[in-house]
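Chemist: Below you'll find the structure I mean.
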Amino acid sequence: MNRTQHVVSSGIIAAVGITVCWISFTQSPSEAFLFPRLISSIFVALALWTFGKALLGWSKTGTGISSGLFLRMFPGMVVALIYALWAAKELGFYTATTIAFFTLLSLYDPAPHSEPKSWVRRIIITACYMAVMYGLFAMLLKVYTPREIFF
Amino acid sequence: MEFLFYFGEVFTPISFGLLLIGTIGGLILRATPGLSPTMAVALLIPFTFQLEAAQGLILLGAAYTSTVAGGAVSAILLKIPGAPANIATTLDGHTMAKQGKGAKALQLSFLASAVGGVFGVLLLIFLTPVLAKWALAFGPSHLFWLAILGVSVIGSLDSNSVVKGLLSGCIGLWLATIGFDDIMGAQRFIFHPALGGGINIIAALIGLFAIPQVLTMFSKGRNDANLEVIEVEKHSIVDAIKELFGRTRALGIGTIIGSIIGLIPGVGGQIAGLVAYDQSKKFSPEREKFGTGHPEGIIAAESANNAMVGPSLVPLLTLSIPGSPTAAVLLGGLLIHGIFPGADLFDNHPDVAWTFINSMLIGQILMCLFGLYVAGLAARVAQVPQSVMAAVVLGLAVFGSYSVQSSMGDVYVMASLGIMMFFLERFGFSAAPLVLGLILGPIAEANFIQGSMIADATDGAAIYFLGGTLNIVLIAIVVASIAYSVWMELREKQTKNEAAT
């Protein structure tokens, strides 16, 4: 696996560890940060050890992220992020879920895009899924989700 | 024999209905590769909010039991182990299915699972109250070390790299400190308003276990698995029962090994199945038949996988230390109902504890009965394209995390932690120690602070936390588990180097 990937990932973790440690030892009241100090000290030690190993090229665990994997995963991750972080609240849960579900099916369903039958199937699957989700969360569990537009 | 008084609770219409739903649903869904028992239980937690504590736990326990056994279906009929725990089952199970003995393989698998599972739950029934009474003697320093033990054992044994496993545990312990401090009311690490109330454990569990799976499914692209399901023919169940009890050596080895491994925190069903398979092969006079469709291979592996389930809950119910990621998720299910497992669980909530344990016992039998009937359907479910499964799980994760406390903050936490975990897993980090750190963090901190106060008033922190027989034993176990994992890692590296040269 790419050594740079290991260096970058362990470097980010080490930076987080140092930040946490710095906050723990500088913030007050000190009593509230007693346990974080203990944890963050070990956190930093282990993170720096991992970072050092990565710098020396000794870090071997994990499969890393190949460009192919990233490119395949990226559109799905973007849709998921937009759905969870923005659309669910702004468009309403059910509208956003319908759009996200259908988009993901269209992106990743192996059935050919040129066949009208496969689009009909995707629409039917989305409709069935939304009916189940509405039944489960709105009717059975009575969870009041942000509705915004449509429903 | 107190548990006998609570058997009636399992057979009320709602409880038994939930037991059936959890069992059958778990069996069908588990056949889908990528849906792990931990993820299934995590996604189910939001559905237990409106249920009574015992009923919610019945649903979660049934799902846990049946998802462990259900993974055998795809292992036998599709040659895809539903989980690492079913790897050993694939070796002989799929070969038997190809030889036209698929029904027999499935029957043996579910029967062996039921025998192993019942034994494991009986062990849970008889061991738990004894250990719980013993645990009453634990003070803050012991509970602090127990929490550290839980994180470090899983961190060192469940990861490919000891340092990364322990680092994952530290990240979890740190995440647990986010929010307001309980004693001083001080703000700690609140970088975003969504973190004001700390990290909600259910949202975190859903994110850490479900989202990496969703992204992994996305990373396979528009891949049509095109799985071929082997059709099964009829086979007499009586013959399968005779065959099972004619091979008591494999059944005994699997059941005992699974039970022992289940008691050790951090060592999961994957190891139980493989160790039992290996030992059964060593002790069998027909060892050359292993791997060629030998029934003993399935019996040993599946009895071990399910025998592990009951004992894996012993540390959770007695010491509130989850011994496995799934036990950690079950702890989350208990906490949302305001129930803290531990030494006094059986005194304060005997109805909840015993109803849950009894339901697991009944669940093992239901799992065996229904497993044989739904195996065909489960194998068809396994053919559902991963794109559909990924989208389904993503929707459930968003709705599930929101429904915890009707907060968008929980959805943001779930999504952020999930994406972070996906990338961390790619670099050798593991979700299990992180989750345990997150769950055990408050226990560790509360007992650390309490212990520090006692230490200030007595002999000082060093003597209080590092002295005393029990403290020394617990510290020794922490050190031993880390040392053992380091030794194993070094040995593995040496073997790889030797193979390379």
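Letters A, B, ... mark the chains of the structure tokens in the order given; residue numbers begin at 1 per chain; ligand numbers begin at 1, in order shown.
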Looking only at strand (DSSP E) from DSSP on the backbone, list the matching residues of segment 120-341 of chain B as a PyMOL selection string.
Modeler: chain B and resi 179-180+187-188
Chemist: Find the spatial neighbours of Trp22 of chain A, counting only C-alpha atoms, within a cut-off of 10 Å - ignore same-chain residues fewer than 6 positions away - and output them as a list in words.
Modeler: Val16, Arg37, Ser40 and Ser41 of chain A
Chemist: Just to be explicit: take each residue in the selection above, keep N, CA and C atoms, and write the result as an mmCIF file, in the first residue's frame.
Modeler:
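Final output, saved to out_32.cif:
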data_model
loop_
_atom_site.group_PDB
_atom_site.id
_atom_site.type_symbol
_atom_site.label_atom_id
_atom_site.label_comp_id
_atom_site.auth_asym_id
_atom_site.auth_seq_id
_atom_site.Cartn_x
_atom_site.Cartn_y
_atom_site.Cartn_z
ATOM 1 N N VAL A 16 -4.724 15.168 15.742
ATOM 2 C CA VAL A 16 -5.914 15.180 16.616
ATOM 3 C C VAL A 16 -5.492 14.889 18.053
ATOM 4 N N ARG A 37 -6.843 14.092 30.509
ATOM 5 C CA ARG A 37 -5.370 14.208 30.495
ATOM 6 C C ARG A 37 -4.725 12.833 30.459
ATOM 7 N N SER A 40 -5.558 11.288 26.976
ATOM 8 C CA SER A 40 -4.912 11.947 25.835
ATOM 9 C C SER A 40 -3.398 11.726 25.834
ATOM 10 N N SER A 41 -2.810 11.547 27.024
ATOM 11 C CA SER A 41 -1.364 11.271 27.063
ATOM 12 C C SER A 41 -1.061 9.946 26.369
#
Chemist: If we count only C-alpha atoms and set the cut-off at 12 Å, which residues sit around Leu71 of chain A, ignoring sequence neighbours fewer than 3 positions away in its own chain? Please answer as a list in words.
Modeler: Ile65, Ser66, Ser67, Gly68, Phe74, Pro75, Gly76, Met77 and Val78 of chain A; Leu215, Phe218, Ser219, Lys220, Gly221 and Arg222 of chain B
Chemist: Using only C-alpha atoms, can you tell me which of A:Arg72, A:Arg121, A:Arg147, A:Lys60 comes closest to chain B?
Modeler: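 Looking at the shortest contact to chain B, the residue is A:Arg72.
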Chemist: Which residues are near Pro341 of chain B? Cut-off 7 Å, only C-alpha atoms, ignore same chain within fewer than 4 positions. Put them as a PDB file with C-alpha atoms, in the first residue's frame.
Modeler:
ATOM      1  CA  LEU B 316     -21.786  -7.552  30.309  1.00  0.00           C
ATOM      2  CA  LEU B 317     -24.493  -8.662  32.708  1.00  0.00           C
ATOM      3  CA  THR B 318     -22.232  -9.061  35.732  1.00  0.00           C
ATOM      4  CA  SER B 320     -21.210  -4.074  32.744  1.00  0.00           C
ATOM      5  CA  LEU B 345     -28.857  -6.101  37.932  1.00  0.00           C
TER       6      LEU B 345
END
Chemist: Please find the residues of chain A near chain B - the criterion being any atom within 8 Å, counting only C-alpha atoms - and write them as number ranges by chain.
Modeler: A: 6, 9, 20, 23, 29, 31-33, 35-36, 39-40, 42-43, 46-47, 50, 61-65, 69-74, 76-77, 80-81, 84-85, 89, 93, 97, 100-101, 104-105, 107-110, 129, 133, 137, 141, 143-145
Chemist: Just to be explicit: take each residue in the selection above, keep N, CA and C atoms, and write the result as a compact mmCIF listing (two decimals), in the first residue's frame.
Modeler:
# COMPACT_ATOMS: atom_id res chain seq x y z
N HIS A 6 -0.39 6.03 4.51
CA HIS A 6 -0.18 5.72 5.93
C HIS A 6 0.31 6.95 6.68
N SER A 9 -2.66 9.48 6.99
CA SER A 9 -3.71 9.06 7.94
C SER A 9 -3.20 9.09 9.37
N VAL A 20 -6.03 17.29 21.26
CA VAL A 20 -6.80 16.84 22.43
C VAL A 20 -5.95 16.96 23.69
N ILE A 23 -5.49 20.67 24.63
CA ILE A 23 -6.73 21.20 25.25
C ILE A 23 -6.86 20.66 26.69
N PRO A 29 -11.83 24.08 34.44
CA PRO A 29 -11.14 23.68 35.66
C PRO A 29 -10.37 22.36 35.45
N GLU A 31 -9.87 19.90 37.30
CA GLU A 31 -10.52 18.66 37.79
C GLU A 31 -11.36 18.02 36.70
N ALA A 32 -11.97 18.87 35.86
CA ALA A 32 -12.84 18.34 34.80
C ALA A 32 -12.03 17.66 33.70
N PHE A 33 -10.74 17.99 33.65
CA PHE A 33 -9.90 17.44 32.58
C PHE A 33 -8.90 16.40 33.09
N PHE A 35 -9.36 13.10 33.77
CA PHE A 35 -9.43 11.85 32.99
C PHE A 35 -9.00 12.08 31.54
N PRO A 36 -9.48 13.17 30.87
CA PRO A 36 -8.99 13.43 29.51
C PRO A 36 -7.47 13.55 29.43
N ILE A 39 -6.07 10.00 29.42
CA ILE A 39 -6.37 9.32 28.15
C ILE A 39 -5.57 9.94 27.01
N SER A 40 -5.56 11.29 26.98
CA SER A 40 -4.91 11.95 25.84
C SER A 40 -3.40 11.73 25.83
N ILE A 42 -1.88 8.94 26.67
CA ILE A 42 -1.68 7.62 26.03
C ILE A 42 -2.02 7.72 24.54
N PHE A 43 -3.08 8.47 24.25
CA PHE A 43 -3.52 8.71 22.86
C PHE A 43 -2.34 9.28 22.04
N LEU A 46 0.62 6.73 21.58
CA LEU A 46 0.31 5.68 20.59
C LEU A 46 0.23 6.28 19.18
N ALA A 47 -0.35 7.48 19.08
CA ALA A 47 -0.50 8.12 17.76
C ALA A 47 0.88 8.48 17.18
N THR A 50 2.57 5.33 15.97
CA THR A 50 2.00 4.92 14.67
C THR A 50 2.53 5.82 13.55
N THR A 61 -0.44 -2.65 8.16
CA THR A 61 -1.82 -3.12 8.30
C THR A 61 -2.80 -2.26 7.50
N GLY A 62 -3.89 -2.92 7.08
CA GLY A 62 -4.92 -2.20 6.33
C GLY A 62 -4.69 -2.31 4.84
N THR A 63 -5.78 -2.13 4.10
CA THR A 63 -5.68 -2.29 2.65
C THR A 63 -5.51 -0.96 1.94
N GLY A 64 -5.68 0.14 2.69
CA GLY A 64 -5.55 1.46 2.08
C GLY A 64 -6.70 1.77 1.13
N ILE A 65 -6.54 2.85 0.40
CA ILE A 65 -7.60 3.26 -0.52
C ILE A 65 -7.00 3.41 -1.91
N LEU A 69 -11.06 2.13 -6.00
CA LEU A 69 -12.03 2.00 -4.89
C LEU A 69 -12.64 3.35 -4.57
N PHE A 70 -11.77 4.36 -4.51
CA PHE A 70 -12.24 5.70 -4.14
C PHE A 70 -13.22 6.23 -5.19
N LEU A 71 -12.88 6.01 -6.46
CA LEU A 71 -13.75 6.53 -7.52
C LEU A 71 -15.11 5.82 -7.51
N ARG A 72 -15.10 4.51 -7.18
CA ARG A 72 -16.37 3.78 -7.13
C ARG A 72 -17.20 4.22 -5.92
N MET A 73 -16.53 4.48 -4.83
CA MET A 73 -17.23 4.81 -3.60
C MET A 73 -17.66 6.27 -3.53
N PHE A 74 -16.88 7.14 -4.19
CA PHE A 74 -17.05 8.59 -4.04
C PHE A 74 -18.48 9.09 -4.33
N GLY A 76 -21.33 7.61 -4.21
CA GLY A 76 -22.24 7.14 -3.15
C GLY A 76 -22.02 7.91 -1.86
N MET A 77 -20.75 8.17 -1.55
CA MET A 77 -20.44 8.88 -0.32
C MET A 77 -20.97 10.32 -0.39
N ALA A 80 -24.66 10.22 0.07
CA ALA A 80 -24.96 9.92 1.48
C ALA A 80 -24.73 11.16 2.35
N LEU A 81 -23.65 11.88 2.09
CA LEU A 81 -23.33 13.07 2.90
C LEU A 81 -24.37 14.17 2.68
N ALA A 84 -27.60 13.05 4.45
CA ALA A 84 -27.60 13.08 5.92
C ALA A 84 -27.36 14.48 6.48
N LEU A 85 -26.47 15.23 5.84
CA LEU A 85 -26.08 16.51 6.44
C LEU A 85 -26.92 17.70 5.98
N LYS A 89 -32.88 17.42 6.47
CA LYS A 89 -33.50 18.51 7.24
C LYS A 89 -34.19 19.52 6.32
N PHE A 93 -37.46 14.42 5.67
CA PHE A 93 -36.85 13.10 5.68
C PHE A 93 -37.34 12.20 4.55
N THR A 97 -35.10 11.01 1.53
CA THR A 97 -34.81 9.57 1.46
C THR A 97 -35.20 9.00 0.09
N ALA A 100 -32.56 10.22 -2.37
CA ALA A 100 -31.26 9.58 -2.13
C ALA A 100 -31.30 8.09 -2.50
N PHE A 101 -32.36 7.42 -2.10
CA PHE A 101 -32.48 5.98 -2.38
C PHE A 101 -32.49 5.72 -3.89
N LEU A 104 -29.08 6.47 -5.47
CA LEU A 104 -28.09 5.42 -5.18
C LEU A 104 -28.37 4.17 -6.00
N LEU A 105 -29.67 3.83 -6.12
CA LEU A 105 -30.02 2.67 -6.95
C LEU A 105 -29.57 2.91 -8.39
N LEU A 107 -27.23 4.83 -9.44
CA LEU A 107 -25.77 4.86 -9.57
C LEU A 107 -25.15 3.46 -9.50
N TYR A 108 -25.69 2.62 -8.61
CA TYR A 108 -25.00 1.35 -8.32
C TYR A 108 -25.72 0.09 -8.78
N ASP A 109 -26.97 0.19 -9.18
CA ASP A 109 -27.68 -1.01 -9.63
C ASP A 109 -27.00 -1.57 -10.87
N PRO A 110 -26.65 -2.86 -10.86
CA PRO A 110 -25.95 -3.43 -12.02
C PRO A 110 -26.82 -3.55 -13.28
N TYR A 129 -39.83 0.61 -0.66
CA TYR A 129 -38.96 0.94 0.47
C TYR A 129 -39.53 2.11 1.27
N MET A 133 -40.65 2.29 5.15
CA MET A 133 -40.05 3.25 6.08
C MET A 133 -41.13 4.12 6.73
N PHE A 137 -41.58 4.02 10.70
CA PHE A 137 -41.20 5.16 11.53
C PHE A 137 -42.36 6.13 11.81
N LEU A 141 -43.59 3.56 14.95
CA LEU A 141 -42.79 4.17 16.02
C LEU A 141 -43.21 5.61 16.35
N VAL A 143 -42.39 8.45 15.02
CA VAL A 143 -41.25 9.38 15.06
C VAL A 143 -41.62 10.57 14.18
N TYR A 144 -41.65 11.77 14.78
CA TYR A 144 -41.98 12.95 13.99
C TYR A 144 -40.69 13.50 13.37
N THR A 145 -40.53 13.27 12.07
CA THR A 145 -39.32 13.72 11.38
C THR A 145 -39.61 15.06 10.71
Chemist: Can you list, as a PyMOL selection string, all residues belonging to chain A that DSSP tags as helix (DSSP H, G or I)?
Modeler: chain A and resi 3-26+30-55+67-90+93-108+116-140
Chemist: Within 7 Å of Ser280 of chain B, counting only C-alpha atoms, which residues qualify if same-chain residues fewer than 6 places away don't, as a PyMOL selection string?
Modeler: chain B and resi 250+253+300
Chemist: I want to know what sits within 9 Å of Ile13 of chain A, based on only C-alpha atoms, with residues of the same chain fewer than 2 positions away left out; could you give that as JSON, numbers by chain?
Modeler: {"A": [8, 9, 10, 11, 15, 16, 17, 18, 44, 47, 48, 51]}
Chemist: What lies within 8 Å of Val10 of chain B using only C-alpha atoms, ignoring chain neighbours under 3 positions off, as a PyMOL selection string?
Modeler: chain B and resi 6-7+15-16+355+358-359
Chemist: What is the atom CA of His142 of chain B-atom CA of Ile443 of chain B distance in Å, reported with one decimal?
Modeler: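 Interatomic distance here is 11.2 Å.
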Chemist: Report, in Å to a single decimal, how far apart atom CA of Ile357 of chain B and atom CA of Ser303 of chain B are.
Modeler: 18.7 Å
Chemist: Could you check how far atom CA of Gly468 of chain B sits from atom CA of Gly150 of chain B, in Å to one decimal?
Modeler: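 Pair atom CA of Gly468 of chain B / atom CA of Gly150 of chain B returns 19.7 Å.
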